[in-house]
Every structure is written in structure tokens, then in C-alpha cells.
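Undergrad: Attaching a single structure in C-alpha cells format; questions to follow.
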Amino acid sequence: MPQSYIPLSISLKDQPSLVVGAGNIATSRIEKLIEAGSIVTVISDQVDPRITQMVKNQKTQIKVIQKKYESIDLSEFKIVIIATNNDQANQSALSDAKKAGCLINSAFDGLQGDVIFPAVIKRGLFQLALTSQGVTPTLTRLLRGWIEARLPFGIENLANFASENAGTIKKRFKTQQRKFFWQSLFHGIAGQKLMDGDKLSLSDVEDLIENAEAHTQKGEVYLVGAGPGDPELLTFKALRLIQQSDVVLYDRLVSQEILNLIPADAKKINVGKERDKHLVPQGDINQLLADEARKGQRVLRLKGGDPFIFGRGGEEIELLFDQGIPFQVVPGITAGAGCSSYAGIPLTHRDYSQSVRFITGHLKNGTSDLPWHEYQYGNQTLVFYMGLKSLRVICEQLILAGKPKETPIALIQKGTTKDQKVWTGVLESMADQIENEEIHAPTLIIIGEVVKLREKLAWCG
Ligand code: SAH
């Protein structure tokens with residue numbers, strides 16, 4: 001049975017603490033003690049340079065006694081941290097600390113202390129402490145990472161706003177309305193503004209008050225980039241907005257794993273487009289977003305990659321803007337960035353490429369009015385989106401424009417997902433090379449010398 005601990009928060013401001021040992025673990029504990037305002041004494045025969053640096057830094061209250069620990073009276077110390085790798089020194093410090101009645105923290109198994117340093121998640125005033133009762137710190141740290149990802153960074157601003165305005169809101173509203181006010185603030189765009197560090201305008205606050213009085217929620221739209229497929233490539237903000245949405249409009253590029261993150265009770269609408277057979281015409285999507293928001297819904301428009309890169313995001317928000325519907329846009333990792341990383345192809349490289357172009361391969365009338373001559377030069381990487389169908393034309397046009405026939409080219413299918421597949425070749429023969437292969441959308445094309453680096457750098461399919 002692990003020893004059982006209860007979490008307490010302790011103030012160590014101006015309290016003396018002793019750290020026996022000065023290696024890695026000791027250093028991280030010392031940093032925490034100093035942050036807490038403790039006056040730290042370190043006893044150790046060897047001292048990590050970071051600690052020496054702290055001593056040099058006049059602002060920190062730290063004293064180092066460079067010698068091996070030998071039994072002394074520890075009663076002046078509030079807390080003793082035992083962190084040497086010398087058994088004898090550890091045992092001796094443990095028994096001295098017990099005798100002196102200090103709080104004891106031990107970094108060693110089998111040397112039971114009575115306090116542990118939890119993994120801490122901080123958001124301004126808020127602190128969340130996590131422990132596994134000292135049993136598995138590694139898993140605790142992992143858990144911290146997961147929880148970190150879920151907690152908005154600007155949450156302290158919300159708390160400040162709430163504490164500054166609690167009195168006014170309490171006077172103004174009855175309980176139910178008050179609850180509604182705070183909910184619509186915390187979940188909505190006004191709350192997001194606060195978290196981003198902006199101030200609320202008078203009209204933002206009036207809107208919230210009006211809504212609370214009318215007991216209606218003003219709808220809003222989140223235009224969110226879902227990245228190229230791997231759900232772990234979502235941004236923190238994207239995940240949070242996904243989880244608070246009432247209605248979701250998504251398209252074909254959004255992976256199933258990401259769709260699984262949508263709340264079960266949210267209304268899901270597939271407006272996915274396949275090339276040349278649009279399921280829902282763009283104009284209707286724009287209007288649908290506005291209509292749902294007007295009903296008071298929090299509408300999530302989830303797009304593959306980044307909404308502003310070949311995503312028609314601009315058109316969608318233009319209509320919202322015209323109709324006075326609040327919206328926010330959350331960028332996502334675009335396919336060019338995601339697929340290239342997962343295929344081991346850096347888009348730029350000091351030796352091979354000094355610029356990148358994102359180009360649409362959706363060619364009007366078979367060829368296109370693309371400025372092919374600009375693409376002939378080396379030292380640049382060309383990334384074609386929506387180019388699979390026009391692959392042959394693209395390669396031919398580039399060669400015609402003067403690009404060497406042996407320029408390397410890669411096709412990346414379903415990049416960043418577990419079904420990612422990559423083909424590499426050269427401009428002259430790529431279209432023939434894949435003629436009998438089954439390649440499906442979405443596929444990205446990367447052209448340039450950087451493709452060669454894949455041989456060394458590929459780490460993932
Ligand atoms: N807004 C999106 C692009 C939409 S255009 C973004 O920023 O990524 C659609 C094209 O993107 C597809 O035809 C394909 O070329 C590319 N694409 C998107 N996701 C992809 C993926 N996971 N793997 C390969 N290509 C992808």
C-alpha cells in the first residue's frame with residue numbers, strides 16, 4: 001500500500017529550507033523553493049552549475065555550503081529536502097530532520113519523507129496540484145500534460161473580470177439570470193477576448209447584459225482549422241471550441257478521430273465537398289452558419305488544415321461580418337506544414353530552398369493561368385494542393401517552363417494520419433510511375449530539391 005498523502009498548500013515565504021544534495025532533482029526543488037520565497041541553504045560536496053548561477057544572482061536567497069553532509073542540528077529549518085546520491089548522507093540527514101521535527105521531502109525510494117512535491121499546473125492565480133501519492137511521478141507528469149492542454153492560458157483574466165464585476169452583476173440580476181450572464185461570458189467570444197488579454201468594450205458588456213435579461217444566448221461562429229488529420233495536431237483553442245459547440249458544420253477533410261471529439265449532443269452537419277461534386281454549395285454553407293448562429297447556437301465550422309489556406313474561410317466570415325454575427329477564426333496546421341513534417345521533407349533548407357509557395361492545383365479548363373515561368377527557378381519549394389488529378393499537366397507545364405526534368409517530387413496521401421503513404425520520383429516520370437497505383441484524395445504534391453532529404457529524415461511512413 002502506498003503511503004497516503006493529503007494535498008495541502010504551504011507558504012514558505014521567508015522560511016528557511018535545507019536541500020541536501022545539489023544535482024538535477026535538487027536543482028528543480030531549489031527552483032521551486034526560491035519561487036515560493038524560501039531562504040534556501042544547500043549542503044553538497046558537488047554543485048550543479050545552475051545552482052552556482054543562482055548564488056551569483058543577487059536577487060535569490062540561497063546559500064551553498066560545499067561539503068559532504070555530516071550530522072548537524074536542523075531545528076532552524078522548516079523543511080528539509082533529501083536529494084544526494086550518497087546513502088549515508090541521506091540516512092544521516094533523514095534522522096537529523098526527524099529529530100528536529102522538520103517537514104521532510106525525500107527524492108529516494110525507501111527513504112520515506114512526509115511531503116511530496118506535486119506536479120503543478122499554473123494559470124495565474126490558479127494552481128492545480130497532481131500527485132500519485134509518490135507512486136508514479138512519470139505518469140503524473142504525463143497526466144499533467146493532458147490537463148495542461150485543456151486549460152486555457154488566459155483563464156486568470158476571466159477570474160479577474162469576475163472578481164471585479166461580481167458585485168455589480170449580483171445587484172443587477174437574480175440568481176438564474178446571473179448564472180446565465182456568467183455562462184454566456186465564460187463560453188462566448190467576450191470570454192475569449194478577455195482570455196486573449198483584451199478589454200471588453202461597453203457594447204460587449206451591454207450585449208451580455210441584454211442577453212441575460214432576455215434570457216437568450218446570442219449565437220456565434222467559430223471558424224476552426226482542424227489540421228491535416230492527426231488529432232494531436234489540433235491547437236488547444238480548437239479543441240476547447242470543438243467541445244463547447246452546439247452545431248458543427250464539417251467537411252470531408254476532417255478526420256474521424258477529430259469528429260469524435262465533438263460533444264455527443266451537438267448537431268453535426270456534413271457539408272463535405274468532393275471535387276466537382278459539392279455536397280452543399282458554398283453560398284448555402286455561408287448562409288447556414290449565419291442562420292444557426294441567429295438561433296442562438298454556438299456554431300463550429302470545422303475545416304481541414306487551416307481555414308484561410310485554400311479553405312474559403314474568407315468567404316464564410318465575410319457573410320457573417322455583413323450580417324453582424326460574432327465570429328472568431330482559429331488557425332490550423334495546413335497540409336503543407338503537416339504532411340511535409342510527417343514525410344521527413346523540410347519545406348526550406350539553407351542549402352536547397354529559400355522559399356515555399358503554396359499553389360492550387362485545381363486547374364481551370366485543364367491547364368491553368370498559373371504563372372508557370374515563376375516556378376522554374378531552383379531554390380524554392382512548390383507545394384500543390386488539390387493537384388492529384390492534374391499531376392501530369394503540372395509536371396509537363398513545369399518542364400515546359402524550364403524546370404529540370406529530374407527535379408524531385410513527392411506525393412503524400414492522407415498525410416499525418418495512420419494511412420499516410422508517400423511516393424517519390426522525378427518530374428519527368430512521376431505521372432507514369434503512379435499510373436497504376438491507387439492514390440486517393442487528399443494528396444499533396446511537393447516539388448523541389450528538399451524532397452531528397454526524405455531519405456535521411458523520414459521518420460513516419
Ligand atoms: N485548408 C486546407 C486545404 C484545403 S484544399 C489546408 O490548409 O490544409 C484540399 C487539399 O489539401 C487536398 O486536395 C490536398 O492536396 C491537401 N490536403 C489536405 N489534407 C491533406 C492530408 N492529410 N494529406 C495530404 N493532402 C492533404
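Just remember, in the C-alpha cells the first chain shown is A, the second B, etc., residues are 1-based per chain, and ligands are 1-based in the order shown.
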Considering only C-alpha atoms and all ligand atoms, give me a table of residues in chain A that are at most 7 Å from ligand 1, with the closest atom pair and distance in Å for each, as CSV.

TA:
residue,atom,partner,partner_atom_place_in_ligand_line,distance
A:Gly227,CA,ligand 1,8 (O),6.6
A:Pro228,CA,ligand 1,22 (N),4.2
A:Gly229,CA,ligand 1,22 (N),5.2
A:Leu253,CA,ligand 1,19 (N),6.1
A:Lys303,CA,ligand 1,1 (N),6.5
A:Gly304,CA,ligand 1,2 (C),5.0
A:Gly305,CA,ligand 1,6 (C),3.4
A:Asp306,CA,ligand 1,7 (O),3.7
A:Pro307,CA,ligand 1,1 (N),5.1
A:Phe308,CA,ligand 1,1 (N),6.5
A:Ile309,CA,ligand 1,7 (O),4.6
A:Phe310,CA,ligand 1,4 (C),4.8
A:Gly311,CA,ligand 1,1 (N),4.2
A:Ile333,CA,ligand 1,7 (O),6.6
A:Thr334,CA,ligand 1,7 (O),3.5
A:Ala335,CA,ligand 1,8 (O),3.6
A:Gly336,CA,ligand 1,8 (O),6.4
A:Cys339,CA,ligand 1,23 (N),6.0
A:Phe384,CA,ligand 1,15 (O),6.5
A:Tyr385,CA,ligand 1,15 (O),3.5
A:Met386,CA,ligand 1,13 (O),3.2
A:Gly387,CA,ligand 1,15 (O),6.1
A:Ile412,CA,ligand 1,24 (C),5.4
A:Gln413,CA,ligand 1,24 (C),4.8
A:Lys414,CA,ligand 1,23 (N),3.7
A:Gly415,CA,ligand 1,23 (N),3.6
A:Thr416,CA,ligand 1,22 (N),5.9
A:Thr417,CA,ligand 1,22 (N),6.7
A:Ala441,CA,ligand 1,13 (O),6.0
A:Pro442,CA,ligand 1,14 (C),4.3
A:Thr443,CA,ligand 1,25 (N),3.8
A:Leu444,CA,ligand 1,15 (O),3.9
A:Ile445,CA,ligand 1,15 (O),6.9

Undergrad: Skipping near chain neighbours, those fewer than 4 positions away, what residues fall within 10 Å of Gly124 (chain A) using only C-alpha atoms, listed as a VMD selection string?

TA: chain A and resid 153 to 157 159

Undergrad: Pull N, CA and C atoms from the residues just selected and write them as a compact mmCIF listing (two decimals), in the first residue's frame.

TA:
# COMPACT_ATOMS: atom_id res chain seq x y z
N PHE A 153 -5.01 29.35 -21.33
CA PHE A 153 -3.92 30.07 -20.68
C PHE A 153 -4.39 31.38 -20.03
N GLY A 154 -5.41 32.01 -20.63
CA GLY A 154 -5.79 33.33 -20.10
C GLY A 154 -6.89 33.26 -19.05
N ILE A 155 -7.05 32.10 -18.43
CA ILE A 155 -8.21 31.93 -17.53
C ILE A 155 -8.15 32.92 -16.36
N GLU A 156 -6.94 33.34 -16.00
CA GLU A 156 -6.82 34.27 -14.88
C GLU A 156 -7.54 35.59 -15.21
N ASN A 157 -7.48 36.00 -16.47
CA ASN A 157 -8.15 37.25 -16.84
C ASN A 157 -9.65 37.15 -16.60
N ALA A 159 -11.02 35.26 -14.30
CA ALA A 159 -11.22 35.33 -12.86
C ALA A 159 -11.15 36.77 -12.37

Undergrad: Can you pull out every residue within 12 Å of region 434-440 of chain A, counting only C-alpha atoms, but drop anything in the same chain fewer than 3 positions away, and send it as a list in words?

TA: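 Everything that qualifies: Glu274, Arg275, Met386, Gly387, Leu388, Lys389, Leu391, Arg392, Ala410, Leu411, Ile412, Gln413, Lys414, Gly415, Asp419, Gln420, Lys421, Val422, Trp423, Thr424, Gly425, Val426, Leu427, Ser429, Met430, Ala431, Thr443 and Leu444 of chain A.
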
Undergrad: Apply DSSP to the structure's backbone, then extract all residues of region 271-414 of chain A labelled strand (DSSP E) and return them as a count of residues only.

TA: 32

Undergrad: For region 68-71 of chain A, list every protein, DNA or RNA residue within 6 Å, evaluated using only C-alpha atoms, and leave out those in the same chain fewer than 6 positions away; present the list as a PyMOL selection string.

TA: chain A and resi 44-45+89+92

Undergrad: I need the alpha helix (DSSP H) residues of region 157-349 of chain A per DSSP on the backbone, written as a count of residues only.

TA: 93

Undergrad: Could you check the closest approach to Thr360 (chain A) for each of A:Gln46, A:Gln328, A:Ser390, A:Ser95 and tell me which residue wins, using only C-alpha atoms?

TA: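 Once distances to Thr360 (chain A) are computed over only C-alpha atoms, the minimum belongs to A:Ser390.
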
Undergrad: Pick out the residues sitting within 12 Å of Gln66 (chain A), and hand them over as a PyMOL selection string; count only C-alpha atoms, and ignore anything fewer than 6 positions along from it in its own chain.

TA: chain A and resi 19-22+41-48+51-52

Undergrad: Of the candidates A:Gln177, A:Ser163, A:Ile65, A:Gln256, which shows the shortest atom-to-atom distance to Thr216 (chain A), using only C-alpha atoms?

TA: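 Going through A:Gln177, A:Ser163, A:Ile65, A:Gln256 one by one, the smallest distance to Thr216 (chain A) is for A:Gln177.
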
Undergrad: Neighbours of region 108-117 of chain A within 7 Å (only C-alpha atoms; same-chain residues fewer than 4 positions away dropped), as a list in words?

TA: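 Contacts, in chain order: Leu103, Ile104 and Gly134 of chain A.
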
Undergrad: Just the selected residues (C-alpha atoms), exported as a PDB file, in the first residue's frame, please.

TA:
ATOM      1  CA  LEU A 103       8.975  18.539   7.185  1.00  0.00           C
ATOM      2  CA  ILE A 104      10.889  16.039   5.090  1.00  0.00           C
ATOM      3  CA  GLY A 134       4.528   9.395  -4.854  1.00  0.00           C
TER       4      GLY A 134
END

Undergrad: Please determine, counting only C-alpha atoms, which residue among A:Glu316, A:Glu374, A:Asp207, A:Asp198 has the shortest atom-to-atom distance to Leu289 (chain A).

TA: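 Of A:Glu316, A:Glu374, A:Asp207, A:Asp198, the one nearest Leu289 (chain A) is A:Glu316, counting only C-alpha atoms.
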
Undergrad: Just the number, please: distance in Å from CA of His349 (chain A) to CA of Gln380 (chain A), one decimal.

TA: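 Computing the Euclidean distance for CA of His349 (chain A) and CA of Gln380 (chain A) yields 9.4 Å.
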
Undergrad: Quick one: pull the distance between CA of Leu302 (chain A) and CA of Pro152 (chain A), Å, one decimal.

TA: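 Value for the CA of Leu302 (chain A)-CA of Pro152 (chain A) distance: 19.7 Å.
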